[in-house]
>>> print(open('coords_8.pdb').read())   # PDB, C-alpha atoms
ATOM      1  CA  MET A  30      -0.328 -18.363   6.785  1.00  0.00           C
ATOM      2  CA  ILE A  31      -0.058 -14.750   5.619  1.00  0.00           C
ATOM      3  CA  LEU A  32      -2.505 -11.890   6.166  1.00  0.00           C
ATOM      4  CA  TYR A  33      -3.960  -9.338   3.742  1.00  0.00           C
ATOM      5  CA  VAL A  34      -5.563  -6.460   5.645  1.00  0.00           C
ATOM      6  CA  ASP A  35      -8.473  -4.604   4.068  1.00  0.00           C
ATOM      7  CA  LEU A  36      -7.850  -0.995   5.103  1.00  0.00           C
ATOM      8  CA  GLU A  37     -11.017   0.338   3.473  1.00  0.00           C
ATOM      9  CA  HIS A  38     -13.605   1.937   5.756  1.00  0.00           C
ATOM     10  CA  ALA A  39     -16.838  -0.055   6.022  1.00  0.00           C
ATOM     11  CA  SER A  40     -18.891   2.898   4.763  1.00  0.00           C
ATOM     12  CA  THR A  41     -17.271   2.651   1.347  1.00  0.00           C
ATOM     13  CA  TYR A  42     -18.851  -0.733   0.740  1.00  0.00           C
ATOM     14  CA  THR A  43     -22.344   0.679   1.313  1.00  0.00           C
ATOM     15  CA  LYS A  44     -22.018   3.011  -1.670  1.00  0.00           C
ATOM     16  CA  PRO A  45     -23.328   2.137  -5.145  1.00  0.00           C
ATOM     17  CA  LYS A  46     -20.979   0.462  -7.606  1.00  0.00           C
ATOM     18  CA  THR A  47     -18.380  -0.619  -5.060  1.00  0.00           C
ATOM     19  CA  ASP A  48     -18.706  -4.367  -5.544  1.00  0.00           C
ATOM     20  CA  TRP A  49     -15.630  -4.202  -7.788  1.00  0.00           C
ATOM     21  CA  LEU A  50     -13.536  -3.102  -4.802  1.00  0.00           C
ATOM     22  CA  LEU A  51     -14.485  -6.056  -2.651  1.00  0.00           C
ATOM     23  CA  ALA A  52     -13.932  -8.339  -5.642  1.00  0.00           C
ATOM     24  CA  SER A  53     -10.464  -6.845  -6.098  1.00  0.00           C
ATOM     25  CA  ARG A  54      -9.632  -7.546  -2.451  1.00  0.00           C
ATOM     26  CA  THR A  55     -10.496 -11.206  -3.026  1.00  0.00           C
ATOM     27  CA  ARG A  56      -8.444 -11.349  -6.211  1.00  0.00           C
ATOM     28  CA  ILE A  57      -5.425  -9.805  -4.500  1.00  0.00           C
ATOM     29  CA  THR A  58      -5.787 -12.286  -1.628  1.00  0.00           C
ATOM     30  CA  TYR A  59      -5.487 -15.117  -4.135  1.00  0.00           C
ATOM     31  CA  ARG A  60      -2.558 -13.403  -5.865  1.00  0.00           C
ATOM     32  CA  LEU A  61      -0.637 -13.077  -2.603  1.00  0.00           C
ATOM     33  CA  GLN A  62      -1.435 -16.670  -1.692  1.00  0.00           C
ATOM     34  CA  ASP A  63      -0.112 -17.896  -5.033  1.00  0.00           C
ATOM     35  CA  LEU A  64       3.068 -15.791  -4.805  1.00  0.00           C
ATOM     36  CA  VAL A  65       3.939 -16.915  -1.290  1.00  0.00           C
ATOM     37  CA  GLY A  66       2.672 -20.482  -1.617  1.00  0.00           C
ATOM     38  CA  ASP A  67       0.820 -20.275   1.686  1.00  0.00           C
ATOM     39  CA  VAL A  68      -2.769 -19.655   2.785  1.00  0.00           C
ATOM     40  CA  CYS A  69      -3.698 -15.949   2.766  1.00  0.00           C
ATOM     41  CA  LEU A  70      -6.285 -14.673   5.236  1.00  0.00           C
ATOM     42  CA  LEU A  71      -8.305 -11.583   4.264  1.00  0.00           C
ATOM     43  CA  GLN A  72      -9.281  -9.549   7.326  1.00  0.00           C
ATOM     44  CA  ARG A  73     -10.864  -6.141   8.065  1.00  0.00           C
ATOM     45  CA  TYR A  74      -8.463  -3.683   9.688  1.00  0.00           C
ATOM     46  CA  PRO A  75     -10.381  -3.214  13.005  1.00  0.00           C
ATOM     47  CA  ASP A  76     -10.009  -6.943  13.715  1.00  0.00           C
ATOM     48  CA  VAL A  77      -6.240  -7.069  13.266  1.00  0.00           C
ATOM     49  CA  THR A  78      -4.235  -7.248  16.490  1.00  0.00           C
ATOM     50  CA  PRO A  79      -0.952  -8.782  17.625  1.00  0.00           C
ATOM     51  CA  GLU A  80      -3.071 -11.464  19.284  1.00  0.00           C
ATOM     52  CA  LEU A  81      -4.626 -12.394  15.914  1.00  0.00           C
ATOM     53  CA  ILE A  82      -1.131 -12.563  14.402  1.00  0.00           C
ATOM     54  CA  GLU A  83       0.000 -14.951  17.137  1.00  0.00           C
ATOM     55  CA  ARG A  84      -3.192 -17.046  17.118  1.00  0.00           C
ATOM     56  CA  HIS A  85      -2.974 -17.768  13.384  1.00  0.00           C
ATOM     57  CA  ASP A  86       0.840 -17.941  13.259  1.00  0.00           C
ATOM     58  CA  ILE A  87       0.917 -15.204  10.607  1.00  0.00           C
ATOM     59  CA  ARG A  88       4.217 -15.087   8.728  1.00  0.00           C
ATOM     60  CA  ALA A  89       3.739 -11.690   7.026  1.00  0.00           C
ATOM     61  CA  VAL A  90       1.191  -8.883   6.741  1.00  0.00           C
ATOM     62  CA  PHE A  91       0.195  -6.995   3.602  1.00  0.00           C
ATOM     63  CA  ILE A  92      -1.936  -3.846   4.022  1.00  0.00           C
ATOM     64  CA  SER A  93      -4.277  -2.672   1.257  1.00  0.00           C
ATOM     65  CA  GLY A  94      -4.950   0.811   0.029  1.00  0.00           C
ATOM     66  CA  ASN A  95      -8.049   2.801   0.938  1.00  0.00           C
ATOM     67  CA  GLY A  96     -10.171   5.571  -0.507  1.00  0.00           C
ATOM     68  CA  ALA A  97     -12.289   6.745   2.420  1.00  0.00           C
ATOM     69  CA  PRO A  98     -11.568  10.178   3.962  1.00  0.00           C
ATOM     70  CA  LYS A  99      -9.220  10.198   6.929  1.00  0.00           C
ATOM     71  CA  ASP A 100     -11.781  11.698   9.290  1.00  0.00           C
ATOM     72  CA  LEU A 101     -14.041   8.633   8.989  1.00  0.00           C
ATOM     73  CA  TYR A 102     -11.511   6.421  10.738  1.00  0.00           C
ATOM     74  CA  ASP A 103     -11.628   5.883  14.494  1.00  0.00           C
ATOM     75  CA  PRO A 104      -8.045   5.639  15.788  1.00  0.00           C
ATOM     76  CA  ALA A 105      -9.202   2.984  18.251  1.00  0.00           C
ATOM     77  CA  ASP A 106     -10.166   0.751  15.323  1.00  0.00           C
ATOM     78  CA  GLN A 107      -6.672   1.111  13.870  1.00  0.00           C
ATOM     79  CA  ALA A 108      -4.758   0.669  17.122  1.00  0.00           C
ATOM     80  CA  GLY A 109      -4.297  -3.091  16.808  1.00  0.00           C
ATOM     81  CA  LEU A 110      -2.872  -2.873  13.297  1.00  0.00           C
ATOM     82  CA  ALA A 111      -0.598  -0.025  14.393  1.00  0.00           C
ATOM     83  CA  ARG A 112       0.734  -2.255  17.173  1.00  0.00           C
ATOM     84  CA  VAL A 113       1.515  -4.955  14.607  1.00  0.00           C
ATOM     85  CA  VAL A 114       3.578  -2.420  12.644  1.00  0.00           C
ATOM     86  CA  LEU A 115       5.331  -1.098  15.734  1.00  0.00           C
ATOM     87  CA  ASP A 116       6.022  -4.464  17.373  1.00  0.00           C
ATOM     88  CA  GLY A 117       8.146  -5.673  14.459  1.00  0.00           C
ATOM     89  CA  THR A 118       7.409  -9.349  15.056  1.00  0.00           C
ATOM     90  CA  VAL A 119       6.335 -10.056  11.445  1.00  0.00           C
ATOM     91  CA  PRO A 120       7.262  -8.604   8.040  1.00  0.00           C
ATOM     92  CA  VAL A 121       4.842  -5.918   6.823  1.00  0.00           C
ATOM     93  CA  PHE A 122       4.320  -4.435   3.349  1.00  0.00           C
ATOM     94  CA  GLY A 123       1.842  -1.589   2.801  1.00  0.00           C
ATOM     95  CA  PHE A 124       0.266  -0.743  -0.562  1.00  0.00           C
ATOM     96  CA  CYS A 125      -0.600   2.950  -1.134  1.00  0.00           C
ATOM     97  CA  GLY A 126      -2.928   3.654   1.824  1.00  0.00           C
ATOM     98  CA  GLY A 127      -1.107   0.872   3.664  1.00  0.00           C
ATOM     99  CA  PHE A 128       2.172   2.694   2.979  1.00  0.00           C
ATOM    100  CA  GLN A 129       0.633   5.854   4.407  1.00  0.00           C
ATOM    101  CA  PHE A 130      -0.705   3.946   7.417  1.00  0.00           C
ATOM    102  CA  ILE A 131       2.762   2.653   8.238  1.00  0.00           C
ATOM    103  CA  GLY A 132       4.158   6.173   8.036  1.00  0.00           C
ATOM    104  CA  GLU A 133       1.465   7.568  10.324  1.00  0.00           C
ATOM    105  CA  ALA A 134       1.883   4.704  12.811  1.00  0.00           C
ATOM    106  CA  LEU A 135       5.555   5.685  12.992  1.00  0.00           C
ATOM    107  CA  GLY A 136       4.786   9.349  13.604  1.00  0.00           C
ATOM    108  CA  VAL A 137       4.967  10.870  10.113  1.00  0.00           C
ATOM    109  CA  PRO A 138       2.098  13.204   9.148  1.00  0.00           C
ATOM    110  CA  LEU A 139       0.015  12.487   6.057  1.00  0.00           C
ATOM    111  CA  GLU A 140      -0.868  15.486   3.906  1.00  0.00           C
ATOM    112  CA  ARG A 141      -2.440  16.312   0.571  1.00  0.00           C
ATOM    113  CA  ILE A 142       0.004  16.610  -2.306  1.00  0.00           C
ATOM    114  CA  GLY A 143      -1.486  20.046  -2.909  1.00  0.00           C
ATOM    115  CA  ARG A 144      -4.138  21.879  -4.890  1.00  0.00           C
ATOM    116  CA  LEU A 145      -3.939  22.306  -8.633  1.00  0.00           C
ATOM    117  CA  ALA A 146      -3.015  25.813  -9.731  1.00  0.00           C
ATOM    118  CA  ALA A 147      -5.657  27.867 -11.495  1.00  0.00           C
ATOM    119  CA  ASP A 148      -4.004  27.313 -14.882  1.00  0.00           C
ATOM    120  CA  ASP A 149      -3.358  23.563 -14.368  1.00  0.00           C
ATOM    121  CA  VAL A 150      -5.389  21.072 -16.383  1.00  0.00           C
ATOM    122  CA  ASP A 151      -7.049  18.401 -14.254  1.00  0.00           C
ATOM    123  CA  GLU A 152      -6.490  15.324 -16.393  1.00  0.00           C
ATOM    124  CA  HIS A 153      -8.659  13.200 -14.087  1.00  0.00           C
ATOM    125  CA  PRO A 154     -11.527  15.476 -12.987  1.00  0.00           C
ATOM    126  CA  ASP A 155     -13.649  12.554 -11.753  1.00  0.00           C
ATOM    127  CA  TYR A 156     -11.017  11.545  -9.204  1.00  0.00           C
ATOM    128  CA  GLN A 157     -10.423  13.967  -6.332  1.00  0.00           C
ATOM    129  CA  PRO A 158     -11.177  17.075  -8.450  1.00  0.00           C
ATOM    130  CA  GLY A 159      -9.019  20.109  -7.865  1.00  0.00           C
ATOM    131  CA  TRP A 160      -6.180  18.238  -6.184  1.00  0.00           C
ATOM    132  CA  ARG A 161      -2.788  17.222  -7.512  1.00  0.00           C
ATOM    133  CA  LYS A 162      -2.732  13.480  -7.989  1.00  0.00           C
ATOM    134  CA  GLU A 163      -1.276  10.415  -9.646  1.00  0.00           C
ATOM    135  CA  LEU A 164      -3.712   8.056 -11.340  1.00  0.00           C
ATOM    136  CA  GLY A 165      -3.173   5.180 -13.744  1.00  0.00           C
ATOM    137  CA  TYR A 166      -0.160   3.146 -14.811  1.00  0.00           C
ATOM    138  CA  ALA A 167       3.017   5.219 -14.923  1.00  0.00           C
ATOM    139  CA  PRO A 168       6.745   4.806 -14.246  1.00  0.00           C
ATOM    140  CA  VAL A 169       8.680   5.600 -11.101  1.00  0.00           C
ATOM    141  CA  GLU A 170      12.359   6.492 -10.975  1.00  0.00           C
ATOM    142  CA  VAL A 171      14.331   3.921  -8.988  1.00  0.00           C
ATOM    143  CA  ILE A 172      16.801   5.331  -6.467  1.00  0.00           C
ATOM    144  CA  GLY A 173      19.712   3.557  -4.815  1.00  0.00           C
ATOM    145  CA  THR A 174      20.096  -0.181  -4.312  1.00  0.00           C
ATOM    146  CA  HIS A 175      18.003  -2.650  -2.331  1.00  0.00           C
ATOM    147  CA  LEU A 176      16.844  -6.244  -2.612  1.00  0.00           C
ATOM    148  CA  LEU A 177      13.356  -4.874  -3.316  1.00  0.00           C
ATOM    149  CA  LEU A 178      14.606  -3.376  -6.580  1.00  0.00           C
ATOM    150  CA  GLU A 179      16.137  -6.468  -8.151  1.00  0.00           C
ATOM    151  CA  GLY A 180      15.008  -6.999 -11.729  1.00  0.00           C
ATOM    152  CA  LEU A 181      12.884  -3.840 -11.870  1.00  0.00           C
ATOM    153  CA  GLY A 182      15.126  -1.706 -14.065  1.00  0.00           C
ATOM    154  CA  GLU A 183      15.458   2.067 -13.777  1.00  0.00           C
ATOM    155  CA  THR A 184      11.844   3.095 -14.515  1.00  0.00           C
ATOM    156  CA  PRO A 185       9.377   0.301 -13.701  1.00  0.00           C
ATOM    157  CA  VAL A 186       5.677   0.967 -14.280  1.00  0.00           C
ATOM    158  CA  PHE A 187       3.112   0.610 -11.496  1.00  0.00           C
ATOM    159  CA  ARG A 188      -0.509   1.590 -10.939  1.00  0.00           C
ATOM    160  CA  HIS A 189      -1.022   4.871  -9.055  1.00  0.00           C
ATOM    161  CA  ALA A 190      -4.118   6.291  -7.348  1.00  0.00           C
ATOM    162  CA  HIS A 191      -3.477   8.914  -4.677  1.00  0.00           C
ATOM    163  CA  THR A 192      -3.788  12.566  -3.737  1.00  0.00           C
ATOM    164  CA  TRP A 193      -2.157  12.239  -0.293  1.00  0.00           C
ATOM    165  CA  GLU A 194       1.500  11.617   0.498  1.00  0.00           C
ATOM    166  CA  LEU A 195       4.003  11.288   3.304  1.00  0.00           C
ATOM    167  CA  LYS A 196       6.080  14.438   3.549  1.00  0.00           C
ATOM    168  CA  ALA A 197       8.993  12.730   5.296  1.00  0.00           C
ATOM    169  CA  LEU A 198      10.410   9.274   5.959  1.00  0.00           C
ATOM    170  CA  PRO A 199      10.018   7.634   9.366  1.00  0.00           C
ATOM    171  CA  ALA A 200      13.249   7.213  11.306  1.00  0.00           C
ATOM    172  CA  GLY A 201      15.299   4.236  10.154  1.00  0.00           C
ATOM    173  CA  PHE A 202      13.876   4.101   6.594  1.00  0.00           C
ATOM    174  CA  GLY A 203      15.308   4.735   3.146  1.00  0.00           C
ATOM    175  CA  ASN A 204      13.452   5.885   0.037  1.00  0.00           C
ATOM    176  CA  TYR A 205      14.034   3.863  -3.138  1.00  0.00           C
ATOM    177  CA  ALA A 206      11.737   5.399  -5.764  1.00  0.00           C
ATOM    178  CA  ARG A 207      10.314   8.776  -6.702  1.00  0.00           C
ATOM    179  CA  THR A 208       8.208  10.651  -9.264  1.00  0.00           C
ATOM    180  CA  GLU A 209       7.920  14.316 -10.133  1.00  0.00           C
ATOM    181  CA  VAL A 210       4.648  14.467  -8.212  1.00  0.00           C
ATOM    182  CA  THR A 211       5.560  12.479  -5.093  1.00  0.00           C
ATOM    183  CA  GLU A 212       9.120  12.198  -3.880  1.00  0.00           C
ATOM    184  CA  LEU A 213       8.578   9.320  -1.455  1.00  0.00           C
ATOM    185  CA  GLN A 214       7.335   6.328  -3.435  1.00  0.00           C
ATOM    186  CA  LEU A 215       8.991   3.233  -1.964  1.00  0.00           C
ATOM    187  CA  MET A 216      10.297   3.078   1.578  1.00  0.00           C
ATOM    188  CA  ALA A 217      12.025   0.234   3.368  1.00  0.00           C
ATOM    189  CA  HIS A 218      13.333  -0.106   6.898  1.00  0.00           C
ATOM    190  CA  GLU A 219      17.095  -0.312   7.202  1.00  0.00           C
ATOM    191  CA  GLU A 220      17.128  -3.379   9.458  1.00  0.00           C
ATOM    192  CA  ARG A 221      13.898  -5.380   9.192  1.00  0.00           C
ATOM    193  CA  PRO A 222      11.418  -6.351   6.441  1.00  0.00           C
ATOM    194  CA  LEU A 223       9.030  -3.427   6.855  1.00  0.00           C
ATOM    195  CA  ALA A 224       8.235  -1.599   3.622  1.00  0.00           C
ATOM    196  CA  GLY A 225       5.599   0.361   1.779  1.00  0.00           C
ATOM    197  CA  ALA A 226       4.874   1.600  -1.728  1.00  0.00           C
ATOM    198  CA  GLN A 227       2.920   4.782  -2.426  1.00  0.00           C
ATOM    199  CA  PHE A 228       1.779   3.102  -5.634  1.00  0.00           C
ATOM    200  CA  HIS A 229      -0.147  -0.177  -6.043  1.00  0.00           C
ATOM    201  CA  PRO A 230       2.157  -3.097  -6.912  1.00  0.00           C
ATOM    202  CA  GLU A 231      -0.688  -5.535  -6.186  1.00  0.00           C
ATOM    203  CA  TYR A 232      -2.450  -4.402  -9.395  1.00  0.00           C
ATOM    204  CA  TRP A 233       0.187  -5.727 -11.770  1.00  0.00           C
ATOM    205  CA  THR A 234      -0.843  -6.790 -15.277  1.00  0.00           C
ATOM    206  CA  ASP A 235       0.708  -8.804 -18.085  1.00  0.00           C
ATOM    207  CA  GLU A 236       1.609  -5.494 -19.747  1.00  0.00           C
ATOM    208  CA  HIS A 237       2.980  -4.003 -16.505  1.00  0.00           C
ATOM    209  CA  PRO A 238       4.361  -6.908 -14.407  1.00  0.00           C
ATOM    210  CA  ALA A 239       6.748  -4.906 -12.186  1.00  0.00           C
ATOM    211  CA  GLY A 240       4.374  -5.020  -9.223  1.00  0.00           C
ATOM    212  CA  ARG A 241       4.559  -8.784  -9.111  1.00  0.00           C
ATOM    213  CA  ARG A 242       8.362  -8.687  -9.159  1.00  0.00           C
ATOM    214  CA  LEU A 243       8.423  -6.108  -6.365  1.00  0.00           C
ATOM    215  CA  ILE A 244       6.188  -8.242  -4.134  1.00  0.00           C
ATOM    216  CA  GLU A 245       8.267 -11.321  -4.950  1.00  0.00           C
ATOM    217  CA  ASN A 246      11.383  -9.376  -3.945  1.00  0.00           C
ATOM    218  CA  PHE A 247       9.756  -8.428  -0.653  1.00  0.00           C
ATOM    219  CA  CYS A 248       8.835 -12.054  -0.044  1.00  0.00           C
ATOM    220  CA  ALA A 249      12.453 -13.063  -0.618  1.00  0.00           C
ATOM    221  CA  TRP A 250      13.681 -10.322   1.730  1.00  0.00           C
ATOM    222  CA  ALA A 251      11.175 -11.446   4.365  1.00  0.00           C
ATOM    223  CA  GLY A 252      12.187 -15.097   4.056  1.00  0.00           C
ATOM    224  CA  LEU A 253       8.768 -16.196   2.774  1.00  0.00           C
ATOM    225  CA  ARG A 254      10.107 -17.921  -0.346  1.00  0.00           C
TER
END
>>> encode(input="coords_8.pdb", output="structure tokens")
Amino acid sequence: MILYVDLEHASTYTKPKTDWLLASRTRITYRLQDLVGDVCLLQRYPDVTPELIERHDIRAVFISGNGAPKDLYDPADQAGLARVVLDGTVPVFGFCGGFQFIGEALGVPLERIGRLAADDVDEHPDYQPGWRKELGYAPVEVIGTHLLLEGLGETPVFRHAHTWELKALPAGFGNYARTEVTELQLMAHEERPLAGAQFHPEYWTDEHPAGRRLIENFCAWAGLR
């Protein structure tokens, strides 16, 4: 069995027009299950602990993105998932907010990319107005060599949706992709299958299939396939 962790704060689901987000979590659960060929459990982040991992014999953990403000989260609710990341007993891959969560669990601060300058045009004013951001399907520049990058080419296209970023890599990690907006886009641990993408590979499409290949590469690295 594998685990897909819903990192979204519960308050988000009480807002109007958020049914699509819960539906997307279900769809991604099925996608991960099909890629790995094993049952995928969808679980809220406060309920994830090392004990849950052991009880269900979880082979790998995938962590979703999130859109709720940082100050809504109680660190005590995230402590169990942080222990899973720190313990290193199972492979972990974080998507966007999950990438950021891994960085924070390992002691790296999360910060806004920055405010737009007065003369900058906000191309997405309905999403985090006034802040620098990446939103929509766009390429990243691949850096270096890693099993995660096999078959992706030099500028694979992924879905982006973020205004926050890690300003540095945790100790023991390398960075394998960048954009002009965010330098750290794809990090991987040097010794164990622990990785994260600032973008959203889980939202691959027929037109932009690179996300699927990236997750497949992670599964191969983690010994899941």
>>> residues_around(input="coords_8.pdb", residues="stretch 234-237 of chain A", least_positions_apart="6", cutoff="12 Å", atoms="only C-alpha atoms", output="list in words")
Arg60, Gly165, Tyr166, Ala167, Pro168, Leu181, Thr184, Pro185, Val186, Phe187, Arg188 and Leu243 of chain A
>>> closest_atom_pairs(input="coords_8.pdb", of="stretch 73-171 of chain A", to="stretch 38-52 of chain A", cutoff="12 Å", atoms="only C-alpha atoms", output="Markdown table")
| residue | atom | partner | partner_atom | distance |
| --- | --- | --- | --- | --- |
| A:Arg73 | CA | A:Ala39 | CA | 8.8 |
| A:Tyr74 | CA | A:His38 | CA | 8.6 |
| A:Pro75 | CA | A:His38 | CA | 9.5 |
| A:Ser93 | CA | A:Leu50 | CA | 11.1 |
| A:Gly94 | CA | A:His38 | CA | 10.4 |
| A:Asn95 | CA | A:His38 | CA | 7.4 |
| A:Gly96 | CA | A:Thr41 | CA | 7.9 |
| A:Ala97 | CA | A:His38 | CA | 6.0 |
| A:Pro98 | CA | A:His38 | CA | 8.7 |
| A:Lys99 | CA | A:His38 | CA | 9.4 |
| A:Asp100 | CA | A:His38 | CA | 10.5 |
| A:Leu101 | CA | A:His38 | CA | 7.4 |
| A:Tyr102 | CA | A:His38 | CA | 7.0 |
| A:Asp103 | CA | A:His38 | CA | 9.8 |
| A:Asp106 | CA | A:His38 | CA | 10.2 |
| A:Gln107 | CA | A:His38 | CA | 10.7 |
| A:Gly126 | CA | A:His38 | CA | 11.5 |
>>> atom_distance(input="coords_8.pdb", atom1="atom CA of A:Pro79", atom2="atom CA of A:Asp116")
8.2 Å
>>> closest_residue(input="coords_8.pdb", among="A:Leu110, A:Val90, A:Val150, A:Leu64", to="A:Leu223", atoms="all atoms listed in the file")
A:Val90
>>> atom_distance(input="coords_8.pdb", atom1="atom CA of A:Arg88", atom2="atom CA of A:Asn204")
24.5 Å
>>> decode(input="coords_8.pdb", residues="stretch 44-52 of chain A", atoms="all heavy atoms", output="tab-separated table (two decimals), in the first residue's frame")
chain	number	residue	atom	x	y	z
A	44	LYS	N	-15.29	26.32	2.26
A	44	LYS	CA	-15.54	27.49	1.42
A	44	LYS	C	-16.35	27.10	0.19
A	44	LYS	O	-16.32	25.95	-0.25
A	44	LYS	CB	-14.21	28.11	0.99
A	44	LYS	CG	-13.38	28.64	2.16
A	44	LYS	CD	-12.06	29.20	1.68
A	44	LYS	CE	-11.23	29.71	2.84
A	44	LYS	NZ	-9.91	30.24	2.38
A	45	PRO	N	-17.08	28.06	-0.39
A	45	PRO	CA	-17.84	27.76	-1.61
A	45	PRO	C	-16.93	27.36	-2.76
A	45	PRO	O	-15.78	27.79	-2.85
A	45	PRO	CB	-18.55	29.09	-1.91
A	45	PRO	CG	-18.54	29.86	-0.63
A	45	PRO	CD	-17.28	29.45	0.08
A	46	LYS	N	-17.45	26.51	-3.62
A	46	LYS	CA	-16.78	26.13	-4.86
A	46	LYS	C	-15.43	25.46	-4.64
A	46	LYS	O	-14.47	25.68	-5.39
A	46	LYS	CB	-16.61	27.35	-5.78
A	46	LYS	CG	-17.92	28.02	-6.17
A	46	LYS	CD	-17.68	29.21	-7.08
A	46	LYS	CE	-19.00	29.87	-7.47
A	46	LYS	NZ	-18.80	31.04	-8.35
A	47	THR	N	-15.35	24.63	-3.60
A	47	THR	CA	-14.10	23.89	-3.37
A	47	THR	C	-14.28	22.39	-3.56
A	47	THR	O	-13.34	21.62	-3.30
A	47	THR	CB	-13.55	24.16	-1.96
A	47	THR	OG1	-14.56	23.84	-0.99
A	47	THR	CG2	-13.12	25.61	-1.80
A	48	ASP	N	-15.46	21.98	-4.03
A	48	ASP	CA	-15.66	20.55	-4.27
A	48	ASP	C	-14.67	20.01	-5.30
A	48	ASP	O	-14.28	18.84	-5.24
A	48	ASP	CB	-17.09	20.28	-4.74
A	48	ASP	CG	-18.10	20.38	-3.61
A	48	ASP	OD1	-17.68	20.48	-2.44
A	48	ASP	OD2	-19.31	20.36	-3.90
A	49	TRP	N	-14.25	20.87	-6.24
A	49	TRP	CA	-13.31	20.42	-7.27
A	49	TRP	C	-11.99	19.97	-6.65
A	49	TRP	O	-11.34	19.04	-7.16
A	49	TRP	CB	-13.03	21.56	-8.26
A	49	TRP	CG	-12.22	22.67	-7.66
A	49	TRP	CD1	-12.68	23.80	-7.03
A	49	TRP	CD2	-10.78	22.75	-7.59
A	49	TRP	NE1	-11.64	24.57	-6.58
A	49	TRP	CE2	-10.47	23.96	-6.92
A	49	TRP	CE3	-9.75	21.93	-8.04
A	49	TRP	CZ2	-9.16	24.36	-6.68
A	49	TRP	CZ3	-8.44	22.33	-7.80
A	49	TRP	CH2	-8.16	23.54	-7.13
A	50	LEU	N	-11.60	20.61	-5.52
A	50	LEU	CA	-10.33	20.27	-4.90
A	50	LEU	C	-10.37	18.88	-4.28
A	50	LEU	O	-9.44	18.08	-4.46
A	50	LEU	CB	-9.96	21.31	-3.85
A	50	LEU	CG	-8.62	21.12	-3.15
A	50	LEU	CD1	-7.47	21.09	-4.16
A	50	LEU	CD2	-8.39	22.21	-2.11
A	51	LEU	N	-11.45	18.58	-3.58
A	51	LEU	CA	-11.58	17.25	-3.01
A	51	LEU	C	-11.68	16.20	-4.11
A	51	LEU	O	-11.11	15.11	-4.00
A	51	LEU	CB	-12.81	17.19	-2.10
A	51	LEU	CG	-12.96	15.91	-1.27
A	51	LEU	CD1	-11.72	15.66	-0.42
A	51	LEU	CD2	-14.20	16.01	-0.39
A	52	ALA	N	-12.39	16.55	-5.19
A	52	ALA	CA	-12.48	15.62	-6.33
A	52	ALA	C	-11.10	15.38	-6.93
A	52	ALA	O	-10.78	14.24	-7.33
A	52	ALA	CB	-13.43	16.17	-7.38
